[in-house]
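Working notes for the structure below.
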Amino acid sequence: MIDIKNINKSYGNLQVLKNVSITIDKGDIYGLIGRSGAGKSTLLRCINRLEHFDEGQITIDGIDIKSLSRGTLREFRKNIGMIFQHFSLIERKTVYENIALPMKCWKIPKNQIDKKVNELVQLVDIEDKINVKAKNLSGGQKQRVAIARALTLNPKILLCDEATSALDPKTTKDILSLLQKINTDLSITIVVVTHQMSVVRQICNKMAILQGGEILECGQVDDIFLRQPEPLKNLLGEESINPPDTGSYIEFFMIPGHENLLSTMAWELGEKFSLVSGNIEKYRENSYGHFVIHVDISSVNKYEMWLKNHGVRYRVIGNSDEVIINA
Ligand code: ADP
């Protein structure tokens, strides 16, 4: 649906996007994640041509967006809604007026505007505030209004630029649930720019990790978690695992349906091991685990056999050769 190919962009001497290529499919909630200054917002703004890019191509539903003239660009932009960290509402106007604004610009008849605003305030669950001025709303309520306003022209794509970064954790969760509902119920493809892995975990099915204008990793979120590539570890501030002084480490990954993995393995093998590190994270509806255990060198083969037989992806650290099994 959104095909980004070999995009380069510079501000003066500063190259902020370097040969960026990603494909976003219809129905995706695609996370662009990276530290501040990585180029995420710039890339997002290239998608609706708020930002110009120097080289490369972006096609949306087969349309090369660089080929659009001024007039067709305006029409084309109806397909793409956008929300921002600081909501960009008109503070002195009411919820109704803020949501109605894009439709007024398109000179849509008043009765149709009324109908659409009423539908949208229900969708984003803010109907009781319809006549309240934006300045009197909480951050979460403001973002609900901004989401409603972004949906007025029935877009196919919603771009979210750090949409939850100004919100507290509970409100963030609620807004992310709302975005997920919009994705599912209205079949809107969503692209999310964030510096928070928790946002990606809660709603994204795919992600790209950006650093210094480059895509370091991209793909399915659960697959990237299971592979634990260096860019993900760097992003999360995790240290690489150094080999142990004695014995071996076994690093392995737990997928949904394998929740009892650790205890079953210990029970069935009748072996003792020490847990070096472990975490279980929820990605959308599923739980994925990542564990490192320390085992005696004489038991490594036994563990390997068991993990292989149970289709578990693992890596042995400590021998001269590291083994990765892609189960
Ligand atoms: P992110 O969204 O990952 O924080 P941005 O896309 O906002 O990153 O910025 C990427 C880089 O481009 C940063 O170094 C930023 O300072 C620079 N930049 C962004 N916008 C402009 C601009 N209008 N003029 C010059 N430099 C800019």
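Quick note on naming: the chains in the structure tokens go A, B, ... in the order shown, residues restart at 1 in each chain, and ligands are numbered from 1 in order of appearance.
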
- prompt: Got a sec: who's within 7 Å of Tyr30 (chain A), counting only C-alpha atoms, leaving out chain neighbours fewer than 2 positions off, as a ChimeraX atom specification?
  reply: /A:24,28,32,190-192,204-207

Near-ligand residues for ligand 1, threshold 9 Å, only C-alpha atoms and all ligand atoms, as JSON, numbers by chain:
{"A": [10, 11, 12, 14, 15, 16, 17, 32, 33, 34, 35, 36, 37, 38, 39, 40, 41, 42, 43, 44, 45, 51, 161, 162, 193, 194, 195, 210, 211, 212, 213]}

Would you write out those residues with N, CA and C atoms, as a PDB file, in the first residue's frame?
```
ATOM      1  N   SER A  10      18.249  15.536   2.580  1.00  0.00           N
ATOM      2  CA  SER A  10      19.207  16.315   3.371  1.00  0.00           C
ATOM      3  C   SER A  10      18.612  17.667   3.720  1.00  0.00           C
ATOM      4  N   TYR A  11      19.009  18.177   4.870  1.00  0.00           N
ATOM      5  CA  TYR A  11      18.800  19.593   5.203  1.00  0.00           C
ATOM      6  C   TYR A  11      20.177  20.225   5.104  1.00  0.00           C
ATOM      7  N   GLY A  12      20.415  20.963   4.074  1.00  0.00           N
ATOM      8  CA  GLY A  12      21.752  21.528   3.864  1.00  0.00           C
ATOM      9  C   GLY A  12      22.759  20.412   3.762  1.00  0.00           C
ATOM     10  N   LEU A  14      23.318  18.254   6.144  1.00  0.00           N
ATOM     11  CA  LEU A  14      22.936  17.143   7.028  1.00  0.00           C
ATOM     12  C   LEU A  14      22.011  16.174   6.304  1.00  0.00           C
ATOM     13  N   GLN A  15      22.514  14.958   6.073  1.00  0.00           N
ATOM     14  CA  GLN A  15      21.654  13.961   5.432  1.00  0.00           C
ATOM     15  C   GLN A  15      20.814  13.290   6.514  1.00  0.00           C
ATOM     16  N   VAL A  16      19.500  13.462   6.468  1.00  0.00           N
ATOM     17  CA  VAL A  16      18.646  12.953   7.542  1.00  0.00           C
ATOM     18  C   VAL A  16      17.934  11.656   7.177  1.00  0.00           C
ATOM     19  N   LEU A  17      17.842  11.338   5.886  1.00  0.00           N
ATOM     20  CA  LEU A  17      17.320  10.032   5.473  1.00  0.00           C
ATOM     21  C   LEU A  17      18.295   9.431   4.467  1.00  0.00           C
ATOM     22  N   LEU A  32       7.554   3.227  13.438  1.00  0.00           N
ATOM     23  CA  LEU A  32       8.887   3.748  13.103  1.00  0.00           C
ATOM     24  C   LEU A  32       9.495   4.163  14.428  1.00  0.00           C
ATOM     25  N   ILE A  33      10.495   3.404  14.876  1.00  0.00           N
ATOM     26  CA  ILE A  33      11.031   3.661  16.219  1.00  0.00           C
ATOM     27  C   ILE A  33      12.512   4.004  16.140  1.00  0.00           C
ATOM     28  N   GLY A  34      12.945   4.876  17.044  1.00  0.00           N
ATOM     29  CA  GLY A  34      14.350   5.260  17.100  1.00  0.00           C
ATOM     30  C   GLY A  34      14.499   6.415  18.072  1.00  0.00           C
ATOM     31  N   ARG A  35      15.751   6.721  18.369  1.00  0.00           N
ATOM     32  CA  ARG A  35      16.017   7.823  19.295  1.00  0.00           C
ATOM     33  C   ARG A  35      15.678   9.145  18.638  1.00  0.00           C
ATOM     34  N   SER A  36      15.643  10.187  19.438  1.00  0.00           N
ATOM     35  CA  SER A  36      15.373  11.532  18.947  1.00  0.00           C
ATOM     36  C   SER A  36      16.417  11.924  17.890  1.00  0.00           C
ATOM     37  N   GLY A  37      15.953  12.498  16.792  1.00  0.00           N
ATOM     38  CA  GLY A  37      16.870  12.932  15.734  1.00  0.00           C
ATOM     39  C   GLY A  37      17.195  11.847  14.715  1.00  0.00           C
ATOM     40  N   ALA A  38      16.568  10.659  14.857  1.00  0.00           N
ATOM     41  CA  ALA A  38      16.871   9.537  13.952  1.00  0.00           C
ATOM     42  C   ALA A  38      16.321   9.753  12.547  1.00  0.00           C
ATOM     43  N   GLY A  39      15.340  10.646  12.422  1.00  0.00           N
ATOM     44  CA  GLY A  39      14.751  10.900  11.093  1.00  0.00           C
ATOM     45  C   GLY A  39      13.324  10.381  10.948  1.00  0.00           C
ATOM     46  N   LYS A  40      12.738   9.939  12.058  1.00  0.00           N
ATOM     47  CA  LYS A  40      11.411   9.309  12.009  1.00  0.00           C
ATOM     48  C   LYS A  40      10.334  10.271  11.516  1.00  0.00           C
ATOM     49  N   SER A  41      10.261  11.456  12.139  1.00  0.00           N
ATOM     50  CA  SER A  41       9.216  12.427  11.758  1.00  0.00           C
ATOM     51  C   SER A  41       9.385  12.870  10.322  1.00  0.00           C
ATOM     52  N   THR A  42      10.642  13.067   9.926  1.00  0.00           N
ATOM     53  CA  THR A  42      10.901  13.486   8.550  1.00  0.00           C
ATOM     54  C   THR A  42      10.365  12.433   7.581  1.00  0.00           C
ATOM     55  N   LEU A  43      10.650  11.172   7.887  1.00  0.00           N
ATOM     56  CA  LEU A  43      10.168  10.088   7.008  1.00  0.00           C
ATOM     57  C   LEU A  43       8.637  10.070   6.976  1.00  0.00           C
ATOM     58  N   LEU A  44       8.033  10.221   8.155  1.00  0.00           N
ATOM     59  CA  LEU A  44       6.564  10.217   8.225  1.00  0.00           C
ATOM     60  C   LEU A  44       5.975  11.340   7.373  1.00  0.00           C
ATOM     61  N   ARG A  45       6.594  12.524   7.473  1.00  0.00           N
ATOM     62  CA  ARG A  45       6.076  13.691   6.765  1.00  0.00           C
ATOM     63  C   ARG A  45       6.323  13.605   5.253  1.00  0.00           C
ATOM     64  N   GLU A  51       6.744  17.028   3.590  1.00  0.00           N
ATOM     65  CA  GLU A  51       8.192  17.188   3.475  1.00  0.00           C
ATOM     66  C   GLU A  51       8.614  16.707   2.098  1.00  0.00           C
ATOM     67  N   ASP A 161       2.377  11.086  14.802  1.00  0.00           N
ATOM     68  CA  ASP A 161       3.721  11.559  15.130  1.00  0.00           C
ATOM     69  C   ASP A 161       3.851  11.744  16.647  1.00  0.00           C
ATOM     70  N   GLU A 162       4.454  10.765  17.313  1.00  0.00           N
ATOM     71  CA  GLU A 162       4.625  10.782  18.782  1.00  0.00           C
ATOM     72  C   GLU A 162       3.297  11.135  19.467  1.00  0.00           C
ATOM     73  N   VAL A 193       4.995   6.974  14.600  1.00  0.00           N
ATOM     74  CA  VAL A 193       6.363   7.373  14.955  1.00  0.00           C
ATOM     75  C   VAL A 193       6.455   7.452  16.471  1.00  0.00           C
ATOM     76  N   THR A 194       7.428   6.770  17.029  1.00  0.00           N
ATOM     77  CA  THR A 194       7.555   6.771  18.486  1.00  0.00           C
ATOM     78  C   THR A 194       9.003   6.516  18.908  1.00  0.00           C
ATOM     79  N   HIS A 195       9.347   6.967  20.114  1.00  0.00           N
ATOM     80  CA  HIS A 195      10.645   6.581  20.665  1.00  0.00           C
ATOM     81  C   HIS A 195      10.424   5.552  21.783  1.00  0.00           C
ATOM     82  N   LEU A 210      15.085   3.010  13.223  1.00  0.00           N
ATOM     83  CA  LEU A 210      15.884   4.019  12.519  1.00  0.00           C
ATOM     84  C   LEU A 210      16.992   4.536  13.419  1.00  0.00           C
ATOM     85  N   GLN A 211      18.131   4.777  12.808  1.00  0.00           N
ATOM     86  CA  GLN A 211      19.230   5.432  13.527  1.00  0.00           C
ATOM     87  C   GLN A 211      20.033   6.240  12.515  1.00  0.00           C
ATOM     88  N   GLY A 212      20.249   7.504  12.831  1.00  0.00           N
ATOM     89  CA  GLY A 212      21.030   8.362  11.937  1.00  0.00           C
ATOM     90  C   GLY A 212      20.509   8.372  10.511  1.00  0.00           C
ATOM     91  N   GLY A 213      19.180   8.301  10.357  1.00  0.00           N
ATOM     92  CA  GLY A 213      18.575   8.368   9.022  1.00  0.00           C
ATOM     93  C   GLY A 213      18.562   7.056   8.272  1.00  0.00           C
TER      94      GLY A 213
END
```

List the neighbours of Gly257 (chain A) out to 10 Å using only C-alpha atoms; skip same-chain residues closer than 4 positions along the sequence, and give me the result as a compact mmCIF listing (two decimals) with all heavy atoms, in the first residue's frame.
```txt
# COMPACT_ATOMS: atom_id res chain seq x y z
N LEU A 261 7.46 -23.29 29.50
CA LEU A 261 8.71 -23.82 28.95
C LEU A 261 9.78 -24.08 30.01
O LEU A 261 10.35 -25.17 30.10
CB LEU A 261 9.23 -22.82 27.92
CG LEU A 261 10.35 -23.28 27.04
CD1 LEU A 261 9.82 -24.26 26.00
CD2 LEU A 261 10.98 -22.10 26.32
N ASN A 286 -0.16 -11.24 22.44
CA ASN A 286 0.66 -12.42 22.73
C ASN A 286 1.84 -12.12 23.65
O ASN A 286 2.38 -11.02 23.62
CB ASN A 286 1.22 -12.98 21.42
CG ASN A 286 0.11 -13.52 20.54
OD1 ASN A 286 -0.81 -14.15 21.03
ND2 ASN A 286 0.19 -13.26 19.25
N SER A 287 2.24 -13.14 24.42
CA SER A 287 3.41 -12.99 25.29
C SER A 287 4.61 -13.70 24.69
O SER A 287 4.51 -14.85 24.24
CB SER A 287 3.13 -13.60 26.66
OG SER A 287 2.13 -12.85 27.29
N TYR A 288 5.75 -13.01 24.70
CA TYR A 288 7.00 -13.58 24.21
C TYR A 288 8.03 -13.47 25.33
O TYR A 288 8.11 -12.44 25.99
CB TYR A 288 7.50 -12.82 22.98
CG TYR A 288 6.62 -13.00 21.76
CD1 TYR A 288 5.50 -12.20 21.58
CD2 TYR A 288 6.90 -13.98 20.83
CE1 TYR A 288 4.67 -12.39 20.48
CE2 TYR A 288 6.09 -14.18 19.73
CZ TYR A 288 4.97 -13.37 19.56
OH TYR A 288 4.17 -13.57 18.48
```

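Close contacts of Met1 (chain A), defined as residues with an atom at most 7 Å away when counting only C-alpha atoms, with chain neighbours fewer than 2 positions off set aside, comprise Asp3, Ile24, Asp25, Lys26, Ile60 and Asp61 of chain A.
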
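For Ile203 (chain A), the residues within 9 Å (counting only C-alpha atoms, excluding itself and residues fewer than 4 positions away along the chain) are Ile29, Tyr30, Gly31, Leu176, Ser177, Leu179, Gln180, Ser198, Val199, Tyr283 and Arg284 of chain A.
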
**OP:** Would you kindly return, as a list in words, each protein, DNA or RNA residue with an atom no farther than 9 Å from any atom of Val300 (chain A), considering only C-alpha atoms and excluding same-chain residues fewer than 3 positions away?
**Re:**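 Final neighbour list, sorted by chain and number: Gly247, Ser248, Tyr249, Ile250, Val295, Asp296, Ile297, Tyr303, Glu304, Met305 and Val316 of chain A.
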
### Task
Name the residues in contact with Met265 (chain A) at a cut-off of 12 Å, using only C-alpha atoms, excluding same-chain residues fewer than 5 positions from it; report them as a VMD selection string.
chain A and resid 252 258 to 260 270 to 273 293 302 to 310 312

A straight line from CA of Glu251 (chain A) to CA of Glu214 (chain A) spans 28.5 Å

Pick out each residue of region 6-174 of chain A that DSSP on the backbone tags as strand (DSSP E or B); I need them as number ranges by chain.
A: 6-11, 14-24, 29-33, 55-60, 63-64, 80-84, 94, 133, 157-161

Counting only C-alpha atoms, closest pick from A:Phe53, A:Ala148, A:Ala134, A:Arg92 relative to Glu119 (chain A) is A:Ala148

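What separates CA of Arg77 (chain A) from CA of Ile2 (chain A) is a distance of 13.7 Å.
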
Expressed in Å, the length from CA of Gln85 (chain A) to CA of Arg144 (chain A) is 12.0 Å

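Each of A:Ser69, A:Ser299, A:Ser138, A:Asn234 was checked against Ala166 (chain A) using only C-alpha atoms; the smallest atom-to-atom distance is that of A:Ser138.
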
One residue among A:Ala100, A:Val200, A:Cys105, A:Ile58 is nearest to Arg74 (chain A) when using only C-alpha atoms, and that residue is A:Cys105
